[in-house]
Protein chains: 2
Amino acid sequence: MPVQPERFLKDLHALSGFGASGVGKGVVRPAFSQNDIAARKWLIQKIREAGLTPHVDPVGSVWGLAEGASLLLGSHTDSQPEGGWLDGALGVMAALEIARTAREHDGPAVSIVSFQDEEGRFGVTTGSAIWAGTLSLEEADTLTDRDGITFAEARSSMAHLAGNFVDPARFTAFLEMHIEQGPWLDQSEDVIGVVSDIVGIRDMRITFEGEQNHAGTTPMHLRKDAFQTLSTFNTSLNEAFAEVVTPATVWTIGHVSLHPNASSVVPGKVVFSMQWRDADKARLDRMEEIVRTEAMGIAEDHGLQVSFGPLLGLEPVAMDARLKQALRQSAESLAPGQWRDMPSGALHDATNVAAHLPVAMLFVPSINGISHAFSEDTEEEDLVVGLNVLAGAVVRLTN
Amino acid sequence: MPVQPERFLKDLHALSGFGASGVGKGVVRPAFSQNDIAARKWLIQKIREAGLTPHVDPVGSVWGLAEGASLLLGSHTDSQPEGGWLDGALGVMAALEIARTAREHDGPAVSIVSFQDEEGRFGVTTGSAIWAGTLSLEEADTLTDRDGITFAEARSSMAHLAGNFVDPARFTAFLEMHIEQGPWLDQSEDVIGVVSDIVGIRDMRITFEGEQNHAGTTPMHLRKDAFQTLSTFNTSLNEAFAEVVTPATVWTIGHVSLHPNASSVVPGKVVFSMQWRDADKARLDRMEEIVRTEAMGIAEDHGLQVSFGPLLGLEPVAMDARLKQALRQSAESLAPGQWRDMPSGALHDATNVAAHLPVAMLFVPSINGISHAFSEDTEEEDLVVGLNVLAGAVVRLTN
């Protein structure tokens with residue numbers, strides 16, 4: 001399929017003009033911002049020009065629909081409050097170029113989508129989660145952003161453009177191209193990552209409660225210090241995890257709240273976040289066991305109480321074998337020896353779409369692994385390899 | 001000197017009626033609160049009745065002055081926002097009883113004092129620090145409490161009672177009785193602690209700066225995680241300190257501030273408090289070396305930057321040998337084998353007074369080591385032993 005790299009890059013740059021930050025190639029285009037809505041209107045025009053039927057659903061996701069049963073390509077055009085020019089925009093512009101080329105050359109039926117609020121101004125991958133049915137519209141409408149604006153209010157700003165939800169039955173499969181947002185491809189100098197799985201997440205709040213005491217008069221051996229207990233827990237956890245993790249497993253203590261958090265007081269309480277991600281559900285479960293066992297053991301050793309908040313769980317999503325095979329063959333044909341299988345450590349719209357359709361994803365490198373920042377970038381030649389690999393996979397899947 | 005324990009206990013209970021919390025024997029009597037001012041006015045009346053000359057200085061410290069050169073006894077009557085009935089009140093009421101008894105029996109000249117704001121609504125041991133000249137009145141006036149009220153505004157509420165600062169030259173020495181506020185006496189079942197030193201404090205903010213990153217896409221081996229670095233630093237520090245500390249040395253990480261403090265972000269920065277206390281200046285200095293060396297070493301190992309805030313330093317204050325000897329002899333005479341030498345891990349007004357006068361302190365037990373809480377308490381018979389030991393020391397020092 002003779003996609004036109006220059007046209008694709010021109011569109012990608014044009015899209016980055018909506019909400020251009022003026023810092024590098026960065027963009028400021030959060031879901032339902034003026035810049036986001038303007039970009040979506042521009043996309044609707046591009047869809048129309050490509051000969052597809054534009055459609056906006058009730059939550060502001062923009063669709064370009066081919067007639068009959070079609071393959072769905074896409075991602076999202078909203079950005080983080082301080083975002084990069086590629087992120088989801090890349091996957092939407094690649095989808096547009098392939099769908100347009102297919103129309104121009106009597107190719108396969110290809111539809112496209114830009115889901116709304118993938119970046120989570122309101123929820124987590126909000127637009128695709130609602131479309132997939134994993135989040136009800138009723139519940140979504142009550143979600144608020146940091147300024148207290150509800151999702152219901154925000155989506156009303158696009159209501160004049162909106163029709164119904166799109167029937168998933170019209171699509172046969174979903175392919176999403178995205179930047180890696182991590183350092184693996186950049187470091188290995190591979191140009192394509194074929195995603196094997198989108199990792200699952202476990203996240204919970206843990207609380208250690210000891211005794212708040214005077215930091216001058218309380219001897220060390222009588223303290224029940226919540227920070228010391230957290231530190232010991234962290235060390236033990238790292239040791240215990242070492243037995244079960246792979247190099248792709250990650251875990252993070254990103255939020256820590258000490259009480260009373262004063263330099264002259266032995267902290268009596270700490271609430272902290274414990275998050276871990278892996279592509280293997282069994283490993284996620286084994287890690288949960290370790291988290292609970294270590295936390296309870298360390299708390300008991302130190303004479304503190306431990307309690308666990310609710311466990312947030314998103315299951316790993318394995319990419320569809322047939323779709324993945326098409327991507328791998330296309331990658332090997334266009335970039336022989338320069339691609340790899342890899343899990344995605346980040347969530348994507350594909351996670352939700354998997355509830356309706358077989359899904360697969362491909363990655364292009366992120367320079368220095370940077371994303372969600374104005375400095376996010378990828379070599380243009382790598383973007384074009386990604387476009388061609390995706391187009392090649394579409395051909396393989398529809399011939 | 002025939003002090004009257006019942007009269008002393010009656011006064012102590014009467015004082016606890018000012019700002020009684022209604023929870024146990026607790027009091028709510030922060031410096032310059034209505035309750036505090038009422039208690040100080042009551043104290044002025046008691047001083048007058050005892051035959052001493054009442055005097056209020058410009059910062060609200062209340063004095064009961066004997067004629068000529070005199071020994072000074074006292075502590076403070078202000079409390080923590082949620083304080084115990086004893087704390088500083090004990091030392092002031094013991095001082096009152098001894099000064100009163102001395103007047104009644106032609107005993108030695110004894111003056112008394114209740115310093116203002118020992119509990120640090122505004123500064124740290126504010127009233128005695130100003131009297132000692134370690135804090136200028138000009139600087140103190142700009143200090144604010146948590147509600148933004150300045151020290152200048154607060155002290156204006158007692159200005160109609162105030163005269164000049166008292167000349168330290170009229171006193172020969174200072175003795176302060178206080179509850180221990182820690183568990184040592186309670187656990188050893190001793191009834192008197194003769195303070196050897198008031199420990200010195202070192203306190204500084206330390207910052208580790210690494211790299212803020214996506215908690216899903218950043219592999220463990222490429223992270224520069226500020227929390228993990230803090231945890232490793234803490235472990236190494238505890239090991240290194242073990243070589244130099246005594247059982248009385250304490251150290252505390254009581255304040256931790258992670259950035260951006262979100263469960264899905266590898267924390268790029270942590271600012272935390274590092275405080276340590278010991279009675280030996282050389283040990284405090286050695287510990288500082290260890291803190292800096294460990295922090296720099298761990299930061300380098302993990303690829304982070306470390307920076308140190310200004311070092312807050314209060315030097316240890318050794319109690320005067322002659323005064324201490326009088327307390328020890330008095331304790332051995334009244335409670336043979338039931339007293340001990342011990343450092344004070346908490347700061348006291350005596351720390352400041354040492355700038356002008358030889359000082360010493362004695363402690364009575366705190367049940368379960370609890371202080372700065374409504375549940376703070378001491379057996380009344382122990383309070384009386386303390387009163388008698390203090391009175392005995394006064395006799396020894398003035399005969």
# chains A, B, ... in the order shown; residues from 1 in each chain; ligands from 1
>>> interface_residues(of="chain B", to="chain A", cutoff="7 Å", atoms="only C-alpha atoms", output="JSON, numbers by chain")
{"B": [181, 182, 215, 216, 217, 218, 219, 220, 231, 248, 250, 252, 253, 254, 255, 256, 258, 261, 262, 263, 264, 265, 266, 267, 273, 275, 277, 345, 346]}
>>> calpha_fit_and_write(fixed="chain B", moving="chain A", output="compact mmCIF listing (two decimals) with C-alpha atoms, in the first residue's frame")
# COMPACT_ATOMS: atom_id res chain seq x y z
CA MET A 1 13.28 23.09 104.99
CA PRO A 2 9.77 22.04 106.01
CA VAL A 3 7.98 22.29 102.65
CA GLN A 4 4.30 21.38 102.77
CA PRO A 5 3.53 18.65 100.22
CA GLU A 6 -0.24 19.06 100.53
CA ARG A 7 -0.10 22.78 99.91
CA PHE A 8 2.19 22.17 96.92
CA LEU A 9 -0.17 19.54 95.44
CA LYS A 10 -3.19 21.76 96.08
CA ASP A 11 -1.55 24.61 94.16
CA LEU A 12 -0.56 22.27 91.36
CA HIS A 13 -4.17 21.06 91.02
CA ALA A 14 -5.46 24.63 91.23
CA LEU A 15 -3.14 25.63 88.38
CA SER A 16 -4.42 22.71 86.29
CA GLY A 17 -7.88 24.27 86.52
CA PHE A 18 -6.73 27.01 84.13
CA GLY A 19 -7.49 25.57 80.70
CA ALA A 20 -8.58 22.16 82.01
CA SER A 21 -9.28 20.06 78.93
CA GLY A 22 -11.91 17.91 80.58
CA VAL A 23 -9.97 14.90 79.27
CA GLY A 24 -8.05 13.27 82.11
CA LYS A 25 -5.91 15.92 83.82
CA GLY A 26 -4.98 17.52 80.51
CA VAL A 27 -4.69 21.27 79.98
CA VAL A 28 -4.99 23.62 77.02
CA ARG A 29 -2.88 26.61 77.97
CA PRO A 30 -0.70 27.80 75.11
CA ALA A 31 1.38 30.93 75.64
CA PHE A 32 -0.71 34.15 75.74
CA SER A 33 -4.02 32.28 75.47
CA GLN A 34 -6.74 33.53 77.82
CA ASN A 35 -6.11 30.48 80.00
CA ASP A 36 -2.37 31.14 80.10
CA ILE A 37 -2.79 34.80 81.01
CA ALA A 38 -5.36 33.92 83.70
CA ALA A 39 -2.94 31.33 85.13
CA ARG A 40 -0.13 33.89 85.15
CA LYS A 41 -2.32 36.40 86.98
CA TRP A 42 -3.18 33.74 89.54
CA LEU A 43 0.54 33.00 89.90
CA ILE A 44 1.25 36.71 90.50
CA GLN A 45 -1.27 36.61 93.35
CA LYS A 46 0.39 33.48 94.78
CA ILE A 47 3.79 35.15 94.55
CA ARG A 48 2.47 38.18 96.39
CA GLU A 49 0.94 35.96 99.10
CA ALA A 50 4.28 34.19 99.47
CA GLY A 51 5.94 37.50 100.29
CA LEU A 52 7.92 37.76 97.07
CA THR A 53 7.78 40.72 94.69
CA PRO A 54 5.84 39.81 91.55
CA HIS A 55 7.23 41.05 88.28
CA VAL A 56 6.24 40.54 84.63
CA ASP A 57 8.90 41.14 82.02
CA PRO A 58 8.27 42.50 78.49
CA VAL A 59 7.69 39.02 77.02
CA GLY A 60 5.22 37.81 79.67
CA SER A 61 7.56 35.75 81.84
CA VAL A 62 6.37 35.99 85.45
CA TRP A 63 8.93 36.40 88.20
CA GLY A 64 8.70 36.22 91.98
CA LEU A 65 11.70 38.13 93.26
CA ALA A 66 13.39 37.77 96.63
CA GLU A 67 15.47 40.66 97.92
CA GLY A 68 19.20 40.68 97.35
CA ALA A 69 21.17 37.90 95.72
CA SER A 70 19.02 34.81 95.41
CA LEU A 71 18.82 31.33 93.97
CA LEU A 72 16.40 31.13 91.01
CA LEU A 73 14.00 28.19 90.71
CA GLY A 74 11.34 27.64 88.09
CA SER A 75 10.23 26.47 84.69
CA HIS A 76 7.13 27.51 82.67
CA THR A 77 3.32 27.44 83.02
CA ASP A 78 2.33 27.59 79.35
CA SER A 79 1.38 24.25 77.77
CA GLN A 80 1.24 22.55 74.39
CA PRO A 81 -2.04 23.01 72.50
CA GLU A 82 -2.93 19.60 73.97
CA GLY A 83 -0.78 19.44 77.07
CA GLY A 84 -0.41 17.63 80.36
CA TRP A 85 -1.02 19.12 83.80
CA LEU A 86 2.60 18.75 84.93
CA ASP A 87 5.20 19.52 82.26
CA GLY A 88 6.58 22.96 83.24
CA ALA A 89 3.82 23.68 85.78
CA LEU A 90 5.41 21.21 88.17
CA GLY A 91 8.71 23.09 88.30
CA VAL A 92 6.98 26.43 88.90
CA MET A 93 4.78 25.10 91.71
CA ALA A 94 7.74 23.37 93.36
CA ALA A 95 9.66 26.65 93.11
CA LEU A 96 6.74 28.53 94.68
CA GLU A 97 6.46 26.10 97.58
CA ILE A 98 10.20 26.22 98.31
CA ALA A 99 10.45 30.03 98.01
CA ARG A 100 7.36 30.40 100.22
CA THR A 101 8.69 27.98 102.82
CA ALA A 102 12.05 29.75 102.80
CA ARG A 103 10.28 33.09 103.50
CA GLU A 104 8.21 31.52 106.25
CA HIS A 105 11.23 30.04 108.00
CA ASP A 106 13.86 32.72 107.41
CA GLY A 107 15.51 30.41 104.94
CA PRO A 108 17.69 31.31 102.00
CA ALA A 109 16.69 33.95 99.42
CA VAL A 110 14.86 32.06 96.65
CA SER A 111 13.32 33.71 93.57
CA ILE A 112 11.06 31.97 91.09
CA VAL A 113 10.17 32.27 87.45
CA SER A 114 7.60 31.01 84.96
CA PHE A 115 9.13 31.65 81.54
CA GLN A 116 6.76 32.45 78.69
CA ASP A 117 6.25 30.29 75.58
CA GLU A 118 8.61 27.48 76.48
CA GLU A 119 6.39 25.25 74.36
CA GLY A 120 7.19 27.21 71.22
CA ARG A 121 3.91 28.67 70.00
CA PHE A 122 6.23 31.24 68.39
CA GLY A 123 9.87 30.18 68.66
CA VAL A 124 11.78 27.56 70.63
CA THR A 125 11.75 28.18 74.43
CA THR A 126 10.99 31.75 73.39
CA GLY A 127 10.75 33.61 76.73
CA SER A 128 13.95 32.25 78.23
CA ALA A 129 15.79 32.57 74.90
CA ILE A 130 15.02 36.30 74.81
CA TRP A 131 16.00 36.73 78.46
CA ALA A 132 19.25 34.88 77.79
CA GLY A 133 19.99 37.03 74.75
CA THR A 134 20.17 34.09 72.35
CA LEU A 135 17.11 35.52 70.57
CA SER A 136 16.70 39.26 70.12
CA LEU A 137 13.37 40.82 71.02
CA GLU A 138 13.32 42.47 67.59
CA GLU A 139 13.63 39.13 65.83
CA ALA A 140 11.20 37.43 68.20
CA ASP A 141 8.54 40.04 67.51
CA THR A 142 8.40 38.93 63.87
CA LEU A 143 7.84 35.24 64.69
CA THR A 144 4.35 33.98 63.95
CA ASP A 145 2.21 31.15 65.26
CA ARG A 146 0.29 28.75 62.99
CA ASP A 147 -2.52 31.27 62.59
CA GLY A 148 -0.18 34.05 61.49
CA ILE A 149 -0.36 35.98 64.78
CA THR A 150 2.98 37.62 65.57
CA PHE A 151 4.82 37.38 68.87
CA ALA A 152 4.63 41.20 69.02
CA GLU A 153 0.83 41.11 68.87
CA ALA A 154 0.62 38.29 71.38
CA ARG A 155 2.86 39.92 73.99
CA SER A 156 0.94 43.20 73.68
CA SER A 157 -1.92 41.39 75.44
CA MET A 158 0.19 41.35 78.64
CA ALA A 159 1.87 44.74 78.10
CA HIS A 160 -0.27 46.44 80.78
CA LEU A 161 1.32 44.12 83.36
CA ALA A 162 4.88 44.36 82.10
CA GLY A 163 7.98 46.01 83.50
CA ASN A 164 11.58 45.70 82.38
CA PHE A 165 13.70 42.62 81.89
CA VAL A 166 15.07 41.24 85.15
CA ASP A 167 18.81 41.68 85.69
CA PRO A 168 20.39 38.19 85.72
CA ALA A 169 23.10 39.46 88.08
CA ARG A 170 20.70 39.23 90.99
CA PHE A 171 20.67 35.40 90.76
CA THR A 172 23.42 33.02 91.81
CA ALA A 173 22.20 29.87 90.05
CA PHE A 174 19.14 28.24 88.43
CA LEU A 175 17.50 24.92 89.31
CA GLU A 176 14.67 23.47 87.24
CA MET A 177 12.52 20.51 88.21
CA HIS A 178 10.60 18.87 85.37
CA ILE A 179 8.91 15.64 84.41
CA GLU A 180 11.22 13.39 82.41
CA GLN A 181 8.93 13.21 79.34
CA GLY A 182 10.58 9.92 78.47
CA PRO A 183 10.42 6.33 79.70
CA TRP A 184 13.76 5.74 81.45
CA LEU A 185 12.76 6.44 85.07
CA ASP A 186 9.38 4.75 84.69
CA GLN A 187 11.05 1.61 83.36
CA SER A 188 13.92 1.54 85.86
CA GLU A 189 11.56 2.37 88.76
CA ASP A 190 13.88 5.12 89.87
CA VAL A 191 12.07 8.16 91.25
CA ILE A 192 14.63 10.92 90.54
CA GLY A 193 16.81 11.68 87.55
CA VAL A 194 19.66 14.10 88.06
CA VAL A 195 20.31 15.62 84.65
CA SER A 196 23.90 15.39 83.51
CA ASP A 197 23.50 17.34 80.26
CA ILE A 198 20.78 18.73 78.09
CA VAL A 199 21.51 17.16 74.74
CA GLY A 200 22.55 19.17 71.73
CA ILE A 201 20.55 19.01 68.51
CA ARG A 202 21.54 18.97 64.87
CA ASP A 203 18.79 19.27 62.31
CA MET A 204 18.98 19.71 58.57
CA ARG A 205 16.97 19.26 55.43
CA ILE A 206 18.47 16.95 52.84
CA THR A 207 17.36 16.72 49.22
CA PHE A 208 17.92 13.87 46.77
CA GLU A 209 17.17 14.69 43.16
CA GLY A 210 16.94 11.94 40.57
CA GLU A 211 14.62 11.57 37.61
CA GLN A 212 10.86 11.67 37.59
CA ASN A 213 9.64 8.91 35.28
CA HIS A 214 6.67 6.82 34.19
CA ALA A 215 6.15 4.03 36.73
CA GLY A 216 5.07 1.63 33.98
CA THR A 217 7.63 2.13 31.22
CA THR A 218 10.80 2.83 33.18
CA PRO A 219 12.69 -0.39 33.97
CA MET A 220 14.04 -0.77 37.49
CA HIS A 221 17.71 -0.68 36.46
CA LEU A 222 17.32 2.69 34.71
CA ARG A 223 15.46 4.47 37.50
CA LYS A 224 16.83 7.30 39.59
CA ASP A 225 14.18 6.91 42.27
CA ALA A 226 14.38 9.42 45.11
CA PHE A 227 12.41 7.27 47.56
CA GLN A 228 14.57 4.20 46.96
CA THR A 229 17.64 6.35 47.50
CA LEU A 230 16.22 7.70 50.77
CA SER A 231 15.46 4.17 51.94
CA THR A 232 18.97 2.96 51.11
CA PHE A 233 20.47 6.03 52.79
CA ASN A 234 18.42 5.33 55.91
CA THR A 235 19.60 1.73 56.11
CA SER A 236 23.25 2.65 55.58
CA LEU A 237 23.02 5.49 58.06
CA ASN A 238 21.61 3.23 60.76
CA GLU A 239 24.49 0.82 60.20
CA ALA A 240 27.13 3.56 60.24
CA PHE A 241 25.65 5.25 63.33
CA ALA A 242 25.73 1.95 65.22
CA GLU A 243 29.52 2.33 65.47
CA VAL A 244 29.44 5.71 67.21
CA VAL A 245 26.24 6.11 69.20
CA THR A 246 25.37 5.43 72.84
CA PRO A 247 22.02 4.08 74.06
CA ALA A 248 21.03 7.69 74.81
CA THR A 249 21.75 8.98 71.31
CA VAL A 250 18.67 9.50 69.16
CA TRP A 251 18.14 10.31 65.47
CA THR A 252 14.97 10.83 63.50
CA ILE A 253 13.72 11.19 59.95
CA GLY A 254 10.41 12.80 60.88
CA HIS A 255 9.55 14.80 57.78
CA VAL A 256 9.50 13.37 54.26
CA SER A 257 8.24 15.19 51.18
CA LEU A 258 8.25 13.23 47.90
CA HIS A 259 7.78 14.82 44.49
CA PRO A 260 5.46 14.50 42.66
CA ASN A 261 4.12 12.04 45.26
CA ALA A 262 1.88 10.09 42.89
CA SER A 263 1.49 6.33 42.82
CA SER A 264 2.14 6.03 39.05
CA VAL A 265 5.24 8.20 38.93
CA VAL A 266 8.78 7.22 39.88
CA PRO A 267 9.56 9.95 42.44
CA GLY A 268 12.20 12.32 41.10
CA LYS A 269 12.85 14.23 44.29
CA VAL A 270 12.65 13.89 48.05
CA VAL A 271 13.22 16.51 50.73
CA PHE A 272 13.50 15.12 54.25
CA SER A 273 14.52 16.14 57.75
CA MET A 274 17.48 14.55 59.44
CA GLN A 275 17.74 15.27 63.15
CA TRP A 276 20.09 13.87 65.74
CA ARG A 277 20.65 14.56 69.44
CA ASP A 278 23.41 13.71 71.86
CA ALA A 279 25.01 15.20 74.96
CA ASP A 280 28.51 15.08 73.45
CA LYS A 281 29.42 17.75 70.93
CA ALA A 282 32.17 15.60 69.43
CA ARG A 283 29.67 12.82 68.80
CA LEU A 284 27.21 15.25 67.20
CA ASP A 285 29.98 16.39 64.86
CA ARG A 286 31.04 12.82 64.05
CA MET A 287 27.41 11.99 63.24
CA GLU A 288 27.21 14.99 60.93
CA GLU A 289 30.24 13.68 59.05
CA ILE A 290 28.53 10.30 58.71
CA VAL A 291 25.27 11.88 57.51
CA ARG A 292 27.08 13.85 54.82
CA THR A 293 29.36 11.01 53.76
CA GLU A 294 26.56 8.46 53.54
CA ALA A 295 24.22 10.83 51.71
CA MET A 296 26.87 11.76 49.16
CA GLY A 297 28.00 8.16 48.70
CA ILE A 298 24.49 6.75 48.27
CA ALA A 299 23.49 9.59 45.93
CA GLU A 300 26.53 8.91 43.78
CA ASP A 301 25.88 5.15 43.72
CA HIS A 302 22.31 5.75 42.57
CA GLY A 303 23.16 8.56 40.13
CA LEU A 304 21.25 11.24 42.04
CA GLN A 305 22.20 14.72 43.20
CA VAL A 306 22.26 15.47 46.92
CA SER A 307 22.07 18.85 48.60
CA PHE A 308 22.09 19.87 52.24
CA GLY A 309 20.11 22.69 53.81
CA PRO A 310 21.54 24.86 56.58
CA LEU A 311 22.51 22.96 59.73
CA LEU A 312 20.49 23.99 62.77
CA GLY A 313 22.70 23.45 65.78
CA LEU A 314 22.02 23.78 69.48
CA GLU A 315 25.01 22.83 71.56
CA PRO A 316 24.76 20.38 74.45
CA VAL A 317 24.63 22.09 77.84
CA ALA A 318 26.44 20.38 80.70
CA MET A 319 24.84 20.88 84.10
CA ASP A 320 26.92 22.73 86.70
CA ALA A 321 28.99 20.30 88.77
CA ARG A 322 28.32 21.92 92.15
CA LEU A 323 24.57 22.19 91.58
CA LYS A 324 24.41 18.68 90.25
CA GLN A 325 26.30 17.40 93.27
CA ALA A 326 23.78 19.06 95.59
CA LEU A 327 20.93 17.37 93.72
CA ARG A 328 22.67 13.99 93.79
CA GLN A 329 23.37 14.21 97.53
CA SER A 330 19.81 15.30 98.23
CA ALA A 331 18.44 12.47 96.07
CA GLU A 332 20.66 9.88 97.76
CA SER A 333 19.57 11.13 101.15
CA LEU A 334 15.83 11.06 100.41
CA ALA A 335 15.60 8.20 97.88
CA PRO A 336 18.71 6.10 98.43
CA GLY A 337 19.48 3.86 95.44
CA GLN A 338 16.37 5.09 93.61
CA TRP A 339 17.84 7.85 91.50
CA ARG A 340 20.10 8.00 88.49
CA ASP A 341 22.19 10.40 86.44
CA MET A 342 20.71 10.88 82.99
CA PRO A 343 20.83 13.25 80.04
CA SER A 344 17.80 15.25 79.01
CA GLY A 345 16.76 14.48 75.45
CA ALA A 346 14.32 17.39 75.46
CA LEU A 347 15.18 21.07 75.45
CA HIS A 348 14.34 23.11 78.54
CA ASP A 349 14.47 26.72 79.68
CA ALA A 350 17.65 25.74 81.58
CA THR A 351 19.41 25.48 78.20
CA ASN A 352 18.98 29.22 77.73
CA VAL A 353 19.48 30.22 81.34
CA ALA A 354 22.91 28.57 81.19
CA ALA A 355 24.03 31.62 79.17
CA HIS A 356 23.73 33.69 82.40
CA LEU A 357 23.94 31.30 85.33
CA PRO A 358 25.14 27.89 86.50
CA VAL A 359 22.16 25.57 85.93
CA ALA A 360 21.01 22.11 86.92
CA MET A 361 17.84 20.05 86.54
CA LEU A 362 16.09 17.14 88.18
CA PHE A 363 13.48 14.85 86.70
CA VAL A 364 10.61 12.87 88.16
CA PRO A 365 9.14 9.89 86.26
CA SER A 366 6.59 10.21 83.47
CA ILE A 367 4.13 7.30 83.58
CA ASN A 368 4.70 5.30 80.36
CA GLY A 369 7.01 8.08 79.22
CA ILE A 370 4.05 10.10 77.97
CA SER A 371 4.16 13.89 77.72
CA HIS A 372 2.66 16.62 75.53
CA ALA A 373 -0.64 14.76 75.77
CA PHE A 374 -3.70 14.94 78.03
CA SER A 375 -2.73 11.54 79.46
CA GLU A 376 0.61 12.82 80.84
CA ASP A 377 0.89 11.94 84.54
CA THR A 378 3.20 11.14 87.47
CA GLU A 379 2.40 9.46 90.80
CA GLU A 380 1.79 12.17 93.40
CA GLU A 381 4.21 10.52 95.81
CA ASP A 382 6.92 10.88 93.16
CA LEU A 383 6.05 14.57 92.74
CA VAL A 384 6.55 15.01 96.48
CA VAL A 385 9.89 13.20 96.42
CA GLY A 386 10.93 15.59 93.67
CA LEU A 387 9.84 18.60 95.72
CA ASN A 388 11.79 17.38 98.74
CA VAL A 389 14.94 16.57 96.73
CA LEU A 390 14.85 20.05 95.20
CA ALA A 391 14.31 21.66 98.62
CA GLY A 392 17.16 19.59 100.04
CA ALA A 393 19.46 20.75 97.26
CA VAL A 394 18.52 24.39 97.92
CA VAL A 395 19.47 23.94 101.57
CA ARG A 396 22.78 22.28 100.63
CA LEU A 397 23.61 25.10 98.22
CA THR A 398 22.82 27.93 100.59
CA ASN A 399 24.23 26.67 103.86
>>> select_by_dssp(residues="segment 177-256 of chain A", states="strand (DSSP E)", output="PyMOL selection string")
chain A and resi 177-179+192-198+200-209+213-214+250-252+256
>>> select_by_dssp(residues="segment 6-160 of chain A", states="helix (DSSP H, G or I)", output="PyMOL selection string")
chain A and resi 6-16+34-49+87-104+126-132+137-142+151-156+159-160
